[in-house]
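Have a look at work_4.cif; it's mmCIF, C-alpha atoms:
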data_final
#
loop_
_atom_site.label_atom_id
_atom_site.label_comp_id
_atom_site.auth_asym_id
_atom_site.auth_seq_id
_atom_site.Cartn_x
_atom_site.Cartn_y
_atom_site.Cartn_z
CA MET W 625 2.58 40.86 -2.91
CA ASN W 626 -0.05 43.33 -3.86
CA ILE W 627 0.35 46.55 -5.73
CA SER W 628 -2.16 49.26 -5.02
CA GLN W 629 -3.69 51.11 -7.92
CA LYS W 630 -2.15 54.26 -6.52
CA SER W 631 1.35 53.00 -7.17
CA ILE W 632 0.64 52.72 -10.87
CA SER W 633 0.86 55.89 -12.86
CA ARG W 634 1.00 56.92 -16.45
CA LYS W 635 1.88 60.29 -17.94
CA GLU W 636 -1.11 61.97 -19.54
CA TYR W 637 0.90 64.26 -21.74
CA ILE W 638 4.31 65.73 -22.37
CA THR W 639 4.82 69.23 -23.69
CA VAL W 640 6.74 70.01 -26.85
CA ASP W 641 9.22 71.82 -24.61
CA TYR W 642 9.82 68.59 -22.67
CA LEU W 643 10.35 66.67 -25.91
CA VAL W 644 12.97 69.20 -27.01
CA GLU W 645 14.74 69.25 -23.64
CA ASN W 646 14.95 65.47 -23.38
CA SER W 647 15.47 64.33 -26.92
CA LYS W 648 17.14 67.10 -28.88
CA ASP W 649 20.40 65.17 -29.28
CA LEU W 650 18.66 61.83 -29.60
CA PHE W 651 16.74 62.88 -32.70
CA LYS W 652 19.18 65.64 -33.80
CA LEU W 653 16.28 68.09 -33.84
CA LYS W 654 16.78 71.53 -35.34
CA LEU W 655 14.22 74.21 -34.60
CA PHE W 656 12.88 76.01 -37.70
CA SER W 657 9.93 77.95 -36.26
CA ASP W 658 9.81 80.14 -33.14
CA ASN W 659 9.09 78.60 -29.75
CA SER W 660 5.57 80.01 -29.31
CA GLY W 661 4.11 76.50 -29.59
CA PHE W 662 6.35 74.94 -26.94
CA ASP W 663 3.51 74.65 -24.42
CA ARG W 664 1.43 72.43 -26.71
CA LYS W 665 0.77 68.97 -25.33
CA ILE W 666 1.58 65.62 -26.90
CA ILE W 667 -1.04 63.15 -25.67
CA ASP W 668 -0.56 60.30 -28.11
CA GLN W 669 2.47 58.04 -28.43
CA ASN W 670 1.71 57.28 -32.05
CA LEU W 671 2.96 59.32 -34.97
CA HIS W 672 1.20 60.42 -38.11
CA ARG W 673 2.12 61.21 -41.70
CA PRO W 674 -0.46 63.75 -42.85
CA GLY W 675 -0.19 63.08 -46.59
CA LEU W 676 -3.91 62.62 -47.11
CA ALA W 677 -4.84 65.54 -44.90
CA LEU W 678 -2.54 67.83 -46.90
CA ALA W 679 -4.22 66.63 -50.08
CA GLY W 680 -7.62 67.55 -48.67
CA PHE W 681 -9.01 64.49 -46.92
CA VAL W 682 -9.30 65.46 -43.26
CA ASP W 683 -11.91 62.96 -42.05
CA LEU W 684 -10.24 60.74 -39.45
CA PHE W 685 -7.18 63.04 -39.43
CA SER W 686 -5.11 62.04 -36.36
CA TYR W 687 -4.24 65.63 -35.54
CA SER W 688 -3.35 64.99 -31.89
CA ARG W 689 -0.26 63.05 -32.94
CA VAL W 690 3.18 64.36 -33.77
CA GLN W 691 3.10 64.97 -37.54
CA ILE W 692 5.95 63.67 -39.67
CA PHE W 693 6.65 65.37 -42.99
CA GLY W 694 8.75 63.03 -45.09
CA ASN W 695 9.94 63.31 -48.67
CA THR W 696 6.44 62.53 -49.98
CA GLU W 697 4.74 65.36 -48.07
CA MET W 698 7.46 67.87 -48.93
CA ARG W 699 7.51 66.90 -52.63
CA TYR W 700 3.71 67.15 -52.79
CA LEU W 701 3.72 70.61 -51.22
CA SER W 702 6.57 71.90 -53.37
CA GLN W 703 4.76 71.17 -56.65
CA LEU W 704 1.70 73.20 -55.57
CA SER W 705 1.28 76.86 -56.43
CA GLU W 706 1.98 79.34 -53.59
CA GLU W 707 -1.73 79.86 -53.07
CA LYS W 708 -2.56 76.14 -52.94
CA LYS W 709 0.44 75.54 -50.68
CA ALA W 710 -0.90 77.98 -48.09
CA GLU W 711 -4.39 76.54 -48.37
CA SER W 712 -3.14 72.98 -47.91
CA ILE W 713 -1.02 73.83 -44.87
CA GLU W 714 -3.68 76.00 -43.27
CA ARG W 715 -6.15 73.17 -43.64
CA ILE W 716 -4.20 71.02 -41.22
CA PHE W 717 -2.93 73.90 -39.04
CA LYS W 718 -6.52 74.67 -38.05
CA PHE W 719 -6.41 71.44 -36.06
CA SER W 720 -4.50 71.50 -32.80
CA ILE W 721 -1.34 69.72 -33.92
CA PRO W 722 1.37 69.28 -31.24
CA CYS W 723 4.34 69.75 -33.57
CA ILE W 724 5.80 68.86 -36.96
CA ILE W 725 9.07 67.12 -37.76
CA LEU W 726 10.60 67.33 -41.24
CA THR W 727 12.71 64.25 -41.90
CA ASP W 728 15.60 63.43 -44.24
CA GLY W 729 17.13 66.89 -43.92
CA ASN W 730 14.20 68.51 -45.73
CA GLN W 731 14.25 72.30 -45.50
CA PRO W 732 11.00 74.18 -44.88
CA PHE W 733 9.86 76.77 -47.43
CA PRO W 734 9.21 80.30 -46.08
CA LYS W 735 5.41 80.00 -46.20
CA LEU W 736 5.45 76.94 -43.92
CA ILE W 737 7.44 78.77 -41.23
CA GLU W 738 5.31 81.90 -41.57
CA LEU W 739 2.10 79.92 -41.07
CA ALA W 740 3.62 77.77 -38.31
CA ASN W 741 4.50 80.90 -36.34
CA LYS W 742 1.07 82.37 -37.00
CA TYR W 743 -0.70 79.23 -35.70
CA HIS W 744 1.90 78.61 -32.94
CA ILE W 745 2.92 75.22 -34.21
CA THR W 746 6.54 74.17 -33.73
CA VAL W 747 8.44 72.89 -36.77
CA PHE W 748 11.59 70.80 -36.36
CA GLY W 749 13.96 69.26 -38.83
CA THR W 750 16.05 66.12 -38.55
CA PRO W 751 18.65 64.48 -40.78
CA PHE W 752 17.23 61.01 -40.02
CA SER W 753 15.14 59.19 -42.59
CA THR W 754 11.40 58.91 -41.97
CA THR W 755 11.51 55.22 -41.04
CA LYS W 756 14.41 55.73 -38.65
CA LEU W 757 12.82 58.78 -37.03
CA ILE W 758 9.44 57.09 -36.60
CA TYR W 759 11.24 54.24 -34.88
CA LEU W 760 13.23 56.57 -32.60
CA VAL W 761 10.43 58.97 -31.67
CA GLY W 762 7.98 56.07 -31.31
CA ASP W 763 10.28 54.33 -28.85
CA PHE W 764 10.82 57.54 -26.88
CA LEU W 765 7.09 58.30 -26.66
CA ASP W 766 6.29 54.66 -25.80
CA ASP W 767 8.67 54.98 -22.87
CA GLN W 768 7.25 58.35 -21.79
CA PHE W 769 3.66 57.12 -21.86
CA ALA W 770 4.43 53.68 -20.41
CA GLU W 771 2.84 52.53 -17.20
CA ARG W 772 5.08 53.17 -14.20
CA ILE W 773 4.86 51.18 -11.02
CA SER W 774 6.47 52.47 -7.87
CA LEU W 775 7.51 49.87 -5.34
CA HIS W 776 9.30 49.58 -2.03
CA GLY W 777 12.26 47.21 -2.09
CA SER W 778 15.89 46.72 -3.11
CA PHE W 779 16.87 46.04 -6.69
CA VAL W 780 20.18 44.32 -7.40
CA ASP W 781 21.83 42.89 -10.51
CA VAL W 782 23.08 39.45 -9.43
CA TYR W 783 25.25 37.81 -12.11
CA GLY W 784 23.31 39.81 -14.67
CA VAL W 785 19.92 38.74 -13.32
CA GLY W 786 17.67 41.52 -12.04
CA ILE W 787 16.46 40.52 -8.57
CA LEU W 788 14.02 42.68 -6.64
CA PHE W 789 13.88 42.10 -2.89
CA ILE W 790 10.60 42.94 -1.26
CA GLY W 791 9.25 42.46 2.23
CA LYS W 792 8.11 44.34 5.29
CA SER W 793 10.06 47.28 6.68
CA GLY W 794 13.00 46.14 8.75
CA VAL W 795 13.12 42.59 7.38
CA GLY W 796 16.59 43.23 5.99
CA LYS W 797 16.23 44.04 2.30
CA SER W 798 18.88 46.74 2.31
CA GLU W 799 21.25 44.56 4.31
CA VAL W 800 20.98 41.76 1.74
CA ALA W 801 21.57 44.30 -1.04
CA LEU W 802 24.64 45.64 0.77
CA ASP W 803 25.97 42.13 1.27
CA LEU W 804 25.51 41.40 -2.43
CA ILE W 805 27.32 44.61 -3.37
CA GLU W 806 30.21 43.55 -1.13
CA ARG W 807 30.42 40.33 -3.10
CA GLY W 808 30.72 42.18 -6.37
CA HIS W 809 27.12 42.50 -7.54
CA ARG W 810 25.60 45.76 -8.64
CA LEU W 811 22.96 47.91 -7.00
CA VAL W 812 20.26 49.36 -9.24
CA ALA W 813 18.32 51.14 -6.51
CA ASP W 814 17.39 50.79 -2.89
CA ASP W 815 14.17 51.67 -1.16
CA HIS W 816 12.07 53.27 -3.83
CA ILE W 817 12.05 51.47 -7.18
CA ILE W 818 10.28 52.60 -10.31
CA LEU W 819 9.36 49.90 -12.80
CA THR W 820 8.54 50.96 -16.35
CA LYS W 821 6.68 48.73 -18.75
CA LYS W 822 8.74 48.39 -21.88
CA GLY W 823 7.13 46.66 -24.81
CA GLU W 824 5.18 43.51 -24.08
CA GLY W 825 6.39 41.43 -21.18
CA ILE W 826 9.32 43.53 -20.04
CA LEU W 827 9.63 45.61 -16.89
CA MET W 828 12.65 47.87 -16.55
CA GLY W 829 13.59 49.03 -13.07
CA SER W 830 15.47 52.11 -11.92
CA GLY W 831 15.78 54.33 -8.89
CA THR W 832 14.54 57.86 -8.47
CA ASN W 833 16.44 60.89 -9.63
CA LEU W 834 16.94 62.19 -6.10
CA ALA W 835 17.86 59.04 -4.21
CA LYS W 836 20.09 57.48 -6.95
CA HIS W 837 22.36 55.01 -5.15
CA PHE W 838 21.90 56.24 -1.62
CA MET W 839 20.86 53.64 0.88
CA GLU W 840 19.70 53.57 4.47
CA ILE W 841 21.17 51.03 6.82
CA ARG W 842 19.28 50.96 10.06
CA GLY W 843 21.39 52.02 12.99
CA LEU W 844 23.91 53.63 10.69
CA GLY W 845 21.99 56.11 8.57
CA ILE W 846 22.33 57.07 4.95
CA ILE W 847 25.30 55.88 2.91
CA ASP W 848 26.32 56.55 -0.69
CA VAL W 849 27.00 53.21 -2.36
CA GLU W 850 28.57 54.67 -5.50
CA ARG W 851 31.12 56.68 -3.49
CA MET W 852 31.82 53.89 -1.07
CA PHE W 853 32.16 50.90 -3.42
CA GLY W 854 32.93 52.65 -6.66
CA VAL W 855 31.32 52.63 -10.05
CA ARG W 856 31.53 48.84 -10.36
CA ALA W 857 28.93 48.51 -7.60
CA ILE W 858 26.13 50.31 -9.37
CA ARG W 859 24.05 50.42 -12.50
CA TYR W 860 21.25 52.74 -13.54
CA GLN W 861 18.69 50.37 -14.97
CA LYS W 862 17.99 46.66 -15.18
CA ARG W 863 15.29 44.38 -16.46
CA LEU W 864 13.29 42.81 -13.64
CA GLU W 865 13.55 39.03 -13.77
CA ILE W 866 12.91 37.68 -10.27
CA VAL W 867 11.00 38.99 -7.27
CA VAL W 868 12.36 37.62 -3.99
CA GLU W 869 10.01 38.11 -1.08
CA LEU W 870 11.70 38.01 2.30
CA GLU W 871 9.56 37.13 5.27
CA LEU W 872 9.96 35.88 8.78
CA TRP W 873 9.57 32.11 9.02
CA ASP W 874 5.91 31.23 9.19
CA GLU W 875 5.01 27.64 10.01
CA LYS W 876 1.68 27.93 8.24
CA SER W 877 3.12 29.33 5.05
CA GLU W 878 4.10 26.84 2.36
CA TYR W 879 7.48 27.10 0.76
CA THR W 880 8.69 25.58 -2.47
CA ARG W 881 10.58 22.34 -1.92
CA THR W 882 11.25 20.72 -5.28
CA GLY W 883 11.24 23.77 -7.50
CA LEU W 884 9.39 21.82 -10.18
CA GLU W 885 6.65 24.34 -10.48
CA GLU W 886 7.45 28.01 -10.60
CA ASN W 887 5.41 30.67 -8.91
CA THR W 888 4.91 33.97 -10.61
CA VAL W 889 3.63 37.32 -9.52
CA ASN W 890 1.67 39.52 -11.86
CA ILE W 891 2.91 43.08 -12.03
CA SER W 892 0.80 45.24 -14.27
CA GLY W 893 -0.07 42.34 -16.56
CA ILE W 894 3.42 40.87 -16.70
CA ASP W 895 4.27 37.58 -14.97
CA ILE W 896 7.55 37.69 -13.06
CA LEU W 897 9.17 34.75 -11.30
CA HIS W 898 8.37 34.90 -7.59
CA VAL W 899 10.43 33.29 -4.85
CA LYS W 900 9.32 33.37 -1.23
CA LEU W 901 12.27 33.13 1.13
CA PRO W 902 11.74 32.53 4.82
CA ILE W 903 14.33 34.06 7.11
CA LEU W 904 15.78 31.64 9.63
CA PRO W 905 18.78 31.73 11.94
CA GLY W 906 21.85 30.50 10.11
CA LYS W 907 20.31 31.06 6.70
CA ASN W 908 22.54 33.11 4.47
CA ILE W 909 20.13 35.05 2.29
CA THR W 910 22.96 36.54 0.24
CA VAL W 911 24.32 33.18 -0.85
CA ILE W 912 20.82 31.91 -1.53
CA SER W 913 20.17 34.99 -3.66
CA GLU W 914 23.29 34.23 -5.68
CA VAL W 915 22.06 30.65 -6.12
CA ILE W 916 18.66 31.95 -7.23
CA GLY W 917 20.42 34.07 -9.85
CA LEU W 918 22.64 31.19 -11.02
CA ASN W 919 19.72 28.76 -11.11
CA TYR W 920 17.77 31.21 -13.23
CA LEU W 921 20.71 31.44 -15.64
CA LEU W 922 21.03 27.64 -15.81
CA LYS W 923 17.35 27.33 -16.62
CA HIS W 924 17.67 30.09 -19.15
CA TYR W 925 20.41 28.13 -20.89
CA GLY W 926 18.33 24.97 -20.80
CA TYR W 927 19.44 23.18 -17.64
CA ASP W 928 16.59 22.54 -15.21
CA ALA W 929 17.94 20.78 -12.09
CA PRO W 930 14.64 19.70 -10.48
CA LYS W 931 13.37 18.38 -13.81
CA LEU W 932 16.56 16.43 -14.40
CA PHE W 933 16.37 14.95 -10.92
CA GLN W 934 12.77 13.97 -11.57
CA ASP W 935 13.74 12.26 -14.83
CA ARG W 936 16.47 10.29 -13.06
CA LEU W 937 14.03 9.20 -10.41
CA LYS W 938 11.54 8.06 -13.04
CA LYS W 939 14.27 6.09 -14.84
CA GLU W 940 15.38 4.44 -11.60
CA ILE W 941 11.84 3.43 -10.72
CA SER W 942 11.11 2.04 -14.17
CA LYS W 943 14.31 -0.06 -14.12
CA ASN W 944 12.66 -2.26 -11.53
CA GLU W 945 15.96 -3.94 -10.59
CA LYS W 946 15.90 -6.42 -7.76
CA GLU W 947 19.46 -5.94 -6.65
CA GLN W 948 20.42 -2.34 -6.18
CA ASP W 949 23.28 -0.50 -4.59
CA LEU W 950 22.03 2.60 -2.82
CA ARG W 951 25.45 4.18 -2.86
CA GLY W 952 26.49 6.44 -5.67
CA VAL W 953 29.62 4.33 -6.31
CA LYS W 954 29.97 0.72 -7.34
CA TYR W 955 32.71 -0.11 -4.87
CA PHE W 956 35.71 1.69 -3.37
CA GLU W 957 38.41 0.55 -5.72
CA HIS W 958 41.47 0.55 -3.42
CA ASP W 959 40.81 4.19 -2.77
CA PHE W 960 40.99 5.11 0.87
CA GLU W 961 41.39 8.85 0.43
CA MET O 1496 -7.66 51.32 5.91
CA ILE O 1497 -7.50 54.99 6.79
CA GLU O 1498 -6.79 57.59 4.15
CA GLU O 1499 -6.06 61.19 4.97
CA LYS O 1500 -5.14 64.14 2.74
CA VAL O 1501 -2.80 66.70 4.27
CA THR O 1502 -1.04 69.82 3.05
CA ILE O 1503 2.54 70.69 3.90
CA ILE O 1504 2.28 74.04 5.71
CA ASN O 1505 5.76 74.76 7.04
CA LYS O 1506 8.10 76.96 5.02
CA ALA O 1507 10.97 74.49 4.60
CA GLY O 1508 8.72 71.65 3.43
CA MET O 1509 9.29 68.00 4.28
CA HIS O 1510 13.06 68.22 4.74
CA THR O 1511 15.43 65.90 6.58
CA ARG O 1512 14.39 66.61 10.18
CA PRO O 1513 10.64 66.17 9.74
CA ALA O 1514 11.23 63.21 7.42
CA ALA O 1515 13.27 61.50 10.13
CA THR O 1516 10.61 62.25 12.73
CA ILE O 1517 7.84 60.87 10.51
CA VAL O 1518 9.79 57.65 9.98
CA LYS O 1519 10.50 57.40 13.71
CA LEU O 1520 6.84 57.92 14.57
CA ALA O 1521 5.66 55.43 11.94
CA SER O 1522 8.12 52.74 12.99
CA LYS O 1523 6.52 52.64 16.44
CA PHE O 1524 3.37 51.22 14.89
CA LYS O 1525 2.76 47.85 13.34
CA CYS O 1526 0.49 49.08 10.55
CA GLU O 1527 1.63 49.78 7.02
CA PHE O 1528 2.04 53.46 6.29
CA PHE O 1529 2.30 54.99 2.83
CA ILE O 1530 2.67 58.55 1.61
CA TYR O 1531 1.45 59.40 -1.86
CA LYS O 1532 2.46 62.38 -3.96
CA ASP O 1533 2.57 62.90 -7.75
CA GLY O 1534 2.35 59.27 -8.80
CA MET O 1535 4.76 58.08 -6.13
CA ASN O 1536 3.45 55.93 -3.34
CA ILE O 1537 6.29 55.48 -0.89
CA ASN O 1538 6.72 53.54 2.31
CA GLY O 1539 6.49 55.99 5.20
CA LYS O 1540 8.80 53.87 7.31
CA SER O 1541 11.81 54.47 5.10
CA ILE O 1542 13.75 57.69 5.40
CA ILE O 1543 15.05 57.71 1.82
CA GLY O 1544 11.55 57.14 0.51
CA VAL O 1545 10.08 60.03 2.49
CA MET O 1546 12.92 62.34 1.43
CA THR O 1547 12.52 61.26 -2.21
CA LEU O 1548 9.10 62.92 -2.30
CA ALA O 1549 10.77 66.32 -1.87
CA ALA O 1550 7.42 67.75 -0.74
CA GLU O 1551 7.59 71.53 -0.70
CA MET O 1552 5.37 73.99 1.15
CA GLY O 1553 1.82 73.97 -0.21
CA SER O 1554 2.02 70.52 -1.75
CA GLU O 1555 -0.66 67.99 -0.95
CA VAL O 1556 0.13 64.44 0.10
CA THR O 1557 -2.13 61.48 0.87
CA LEU O 1558 -1.38 59.31 3.88
CA THR O 1559 -2.68 55.77 4.09
CA PHE O 1560 -2.58 53.53 7.13
CA GLU O 1561 -3.42 49.86 7.10
CA GLY O 1562 -3.12 47.39 9.95
CA GLU O 1563 -4.21 46.65 13.46
CA ASP O 1564 -3.11 49.93 15.08
CA GLU O 1565 -3.98 52.16 12.13
CA LYS O 1566 -6.20 54.48 14.19
CA GLU O 1567 -3.51 55.38 16.71
CA ALA O 1568 -0.89 55.75 13.98
CA ALA O 1569 -3.13 57.98 11.87
CA ALA O 1570 -4.01 60.19 14.85
CA GLU O 1571 -0.40 60.78 15.79
CA ILE O 1572 1.11 61.18 12.31
CA VAL O 1573 -1.67 63.31 10.82
CA ASP O 1574 -1.42 65.58 13.86
CA TYR O 1575 2.32 65.97 13.27
CA PHE O 1576 1.65 67.04 9.66
CA ARG O 1577 -1.06 69.49 10.78
CA ARG O 1578 1.29 71.04 13.33
CA GLY O 1579 3.58 71.89 10.40
CA PHE O 1580 6.22 69.56 11.82
CA ASP O 1581 6.45 71.91 14.85
CA GLU O 1582 8.12 74.50 12.67
CA LEU O 1583 5.39 77.13 12.53
#
Kindly transcribe the structure held in the file into structure tokens.
Amino acid sequence: MNISQKSISRKEYITVDYLVENSKDLFKLKLFSDNSGFDRKIIDQNLHRPGLALAGFVDLFSYSRVQIFGNTEMRYLSQLSEEKKAESIERIFKFSIPCIILTDGNQPFPKLIELANKYHITVFGTPFSTTKLIYLVGDFLDDQFAERISLHGSFVDVYGVGILFIGKSGVGKSEVALDLIERGHRLVADDHIILTKKGEGILMGSGTNLAKHFMEIRGLGIIDVERMFGVRAIRYQKRLEIVVELELWDEKSEYTRTGLEENTVNISGIDILHVKLPILPGKNITVISEVIGLNYLLKHYGYDAPKLFQDRLKKEISKNEKEQDLRGVKYFEHDFE
Amino acid sequence: MIEEKVTIINKAGMHTRPAATIVKLASKFKCEFFIYKDGMNINGKSIIGVMTLAAEMGSEVTLTFEGEDEKEAAAEIVDYFRRGFDEL
């Protein structure tokens, strides 16, 4: 499995307008200024509290970040004379600031709005506390600026485990997904999957806005899974946990036999469990996929079947008994069932 | 690997009919075929993928071909794009 550099993208900026459209309710933003600064770009996912800059120290001022005015900033400004107030605000407004958010329900004083409109800088207010807002906006911007990887495959939630099926065109990824849906599992997306890096070590997968839960079955055409199987058959997002690669049986290729060592695939710096499944006549990929999911859960809860088997074997060997019964029972105690 | 930049020149853009034709053409060949647009690199052999791009008139897409018959595939598919999906 190789991912070309082209499939990895990252947003370079979002506009203030985009932030408002997508997060107004999330952050309970209220617009105080006019919207003349809506086309300004946010290029940094970090936030900044400009306390020092307001006080006069503008070396190393992180002006490209969203500026948060908390109680400290507002209290500092309010105790200044009108003249000093204007001077202090203008000092930072000369930098190209994307926007300002006043937290804790702080109300702007008239001079702030007047200058904001003059310099085309948007001012919002929110009832959230500074800590809460920094957490919320930080998480939103982290997600917006996260690396996105677009992949071809089918992504299904099997017993709560996110399994991504990959493989060549026509190998039967969609058919396996459809089979799993029939058995009560949930489709995240088929065909075009977008993985988003979330924090360290987590990849979240979803479909595209346009394709949603539509699916192509060769020889049949496009079907709508949500309509056909109902809302129980779908979900919008899922953490990626296992990559299952389907391929036609290849004699030269080596397949895992004991399962003692786990293979992983590196997607954008994150190691994901990787299972290579050869397709053979009479092999039910759907059932095997369910077993892969269940096995993952067992391991997750501390039960590792291959390891346990290995331990039993070691114990048996070290016993060094001369007389052994190969059967799993001592003797058939009058039981002829 | 062959990489080719093409512009969508027909009025209706890459809608269902041309998308289906592209997929049909691509499926004839063994090589891998990808279409890239705006951060999305999709498999050109899947109809939903191609339609997901929603490429409108004037938009630029990059086609990549990789595999044993990449030359033949590129010749035929790039030509189909340049003909404006026979809708000019």
(Q) Since I can't run it myself right now, could you work out what the PyMOL selection byres ((chain W) within 9 of (chain O)) selects here and report it as a list in words? (A)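 Selected by the PyMOL selection byres ((chain W) within 9 of (chain O)) here: Ser628, Lys630, Ser631, Ile632, Ser633, Arg634, Arg772, Ile773, Ser774, Leu775, His776, Lys792, Ser793, Gly794, Asp814, Asp815, His816, Ile818, Thr832, Asn833, Leu834, Ala835, Phe838, Met839, Glu840, Gly845 and Ile846 of chain W.
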Q | Hits of the PyMOL selection byres ((chain W and resi 654) around 8) in this structure, as a list in words | A |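 Selected by the PyMOL selection byres ((chain W and resi 654) around 8) here: Lys648, Lys652, Leu653, Leu655, Phe656, Phe748, Gly749 and Thr750 of chain W.
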Q. At what distance in Å, to one decimal, does CA of Val747 (chain W) lie from CA of Asp663 (chain W)?
A. 13.4 Å
Q | Residues matched by the PyMOL selection byres ((chain O and resi 1565-1579) around 10) as JSON, numbers by chain | A | {"O": [1496, 1497, 1498, 1499, 1500, 1501, 1502, 1503, 1504, 1505, 1506, 1507, 1508, 1509, 1513, 1516, 1517, 1518, 1520, 1521, 1522, 1523, 1524, 1525, 1526, 1527, 1528, 1552, 1558, 1559, 1560, 1561, 1562, 1563, 1564, 1580, 1581, 1582, 1583]}
Q. In Å to one decimal, how far is CA of Met698 (chain W) from CA of Gln731 (chain W)?
A.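 About the pair CA of Gln731 (chain W) and CA of Met698 (chain W): they are 8.8 Å apart.
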(Q) At a cut-off of 7 Å, using only C-alpha atoms, what residues contact region 906-912 of chain W? Leave out same-chain residues fewer than 4 positions from it and give the result as an MDAnalysis selection string. (A) chainID W and resid 800 803:804 916
Q) Which one is closest to Ile787 (chain W): W:Gly675, W:Gly854, W:Gly729, W:Gly917? Count all atoms listed in the file. A)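 Of W:Gly675, W:Gly854, W:Gly729, W:Gly917, the one nearest Ile787 (chain W), counting all atoms listed in the file, is W:Gly917.
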Q. Nearest to Glu865 (chain W) among W:Phe933, W:Phe779, W:Phe853, W:Phe733, with distances taken over only C-alpha atoms: which residue is it?
A. W:Phe779
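For the residues W:Asn670, W:Asn887, W:Ser942, W:Gln768, ranking by smallest atom-to-atom distance to Leu643 (chain W) using only C-alpha atoms places W:Gln768 first.
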**Q.** For CA of Lys708 (chain W) and CA of Arg673 (chain W), the interatomic separation in Å (one decimal)
**A.** 19.3 Å
Q: Could you check which of W:Ile721, W:Val640, W:Ala813, W:Ala710 is closest to Leu736 (chain W), using all atoms listed in the file?
A: W:Ala710
Q) Which of these, W:Gly694, W:Pro732, W:Gly762, W:Gly823, has the shortest distance to Gln669 (chain W) once you count all atoms listed in the file? A)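 Smallest distance to Gln669 (chain W) is found for W:Gly762.
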Q: Quick one: everything within 12 Å of Asn919 (chain W), counting all atoms listed in the file, minus sequence neighbours fewer than 3 positions away in the same chain. Send it as an NGL selection string.
A: :W and (782-783 or 785 or 866 or 883 or 912-916 or 922-930)
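With only C-alpha atoms as the atoms that count, the residue of W:Thr746, W:Thr882, W:Ile713, W:Trp873 with the shortest distance to Lys900 (chain W) is W:Trp873.
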Box centre and edge lengths (Å, one decimal), axis-aligned, region 1559-1564 of chain O plus 5 Å each side, as AutoDock Vina command-line options:
--center_x -3.4 --center_y 51.2 --center_z 9.6 --size_x 11.6 --size_y 19.1 --size_z 21.0
Q) So which residues fall inside 12 Å of (2.1, 72.5, -50.6) if we count only C-alpha atoms? Mind giving them as a count of residues only? A) 33
**Q.** For Lys635 (chain W): contacts at 8 Å, only C-alpha atoms, fewer than 2 positions along chain excluded, given as a ChimeraX atom specification
**A.** /W:633,637-638,768-771
**Q.** Nearby residues, (12.5, 41.3, 7.7) file frame, 10 Å, only C-alpha atoms, as number ranges by chain
**A.** W: 790-799, 869-873, 902-903
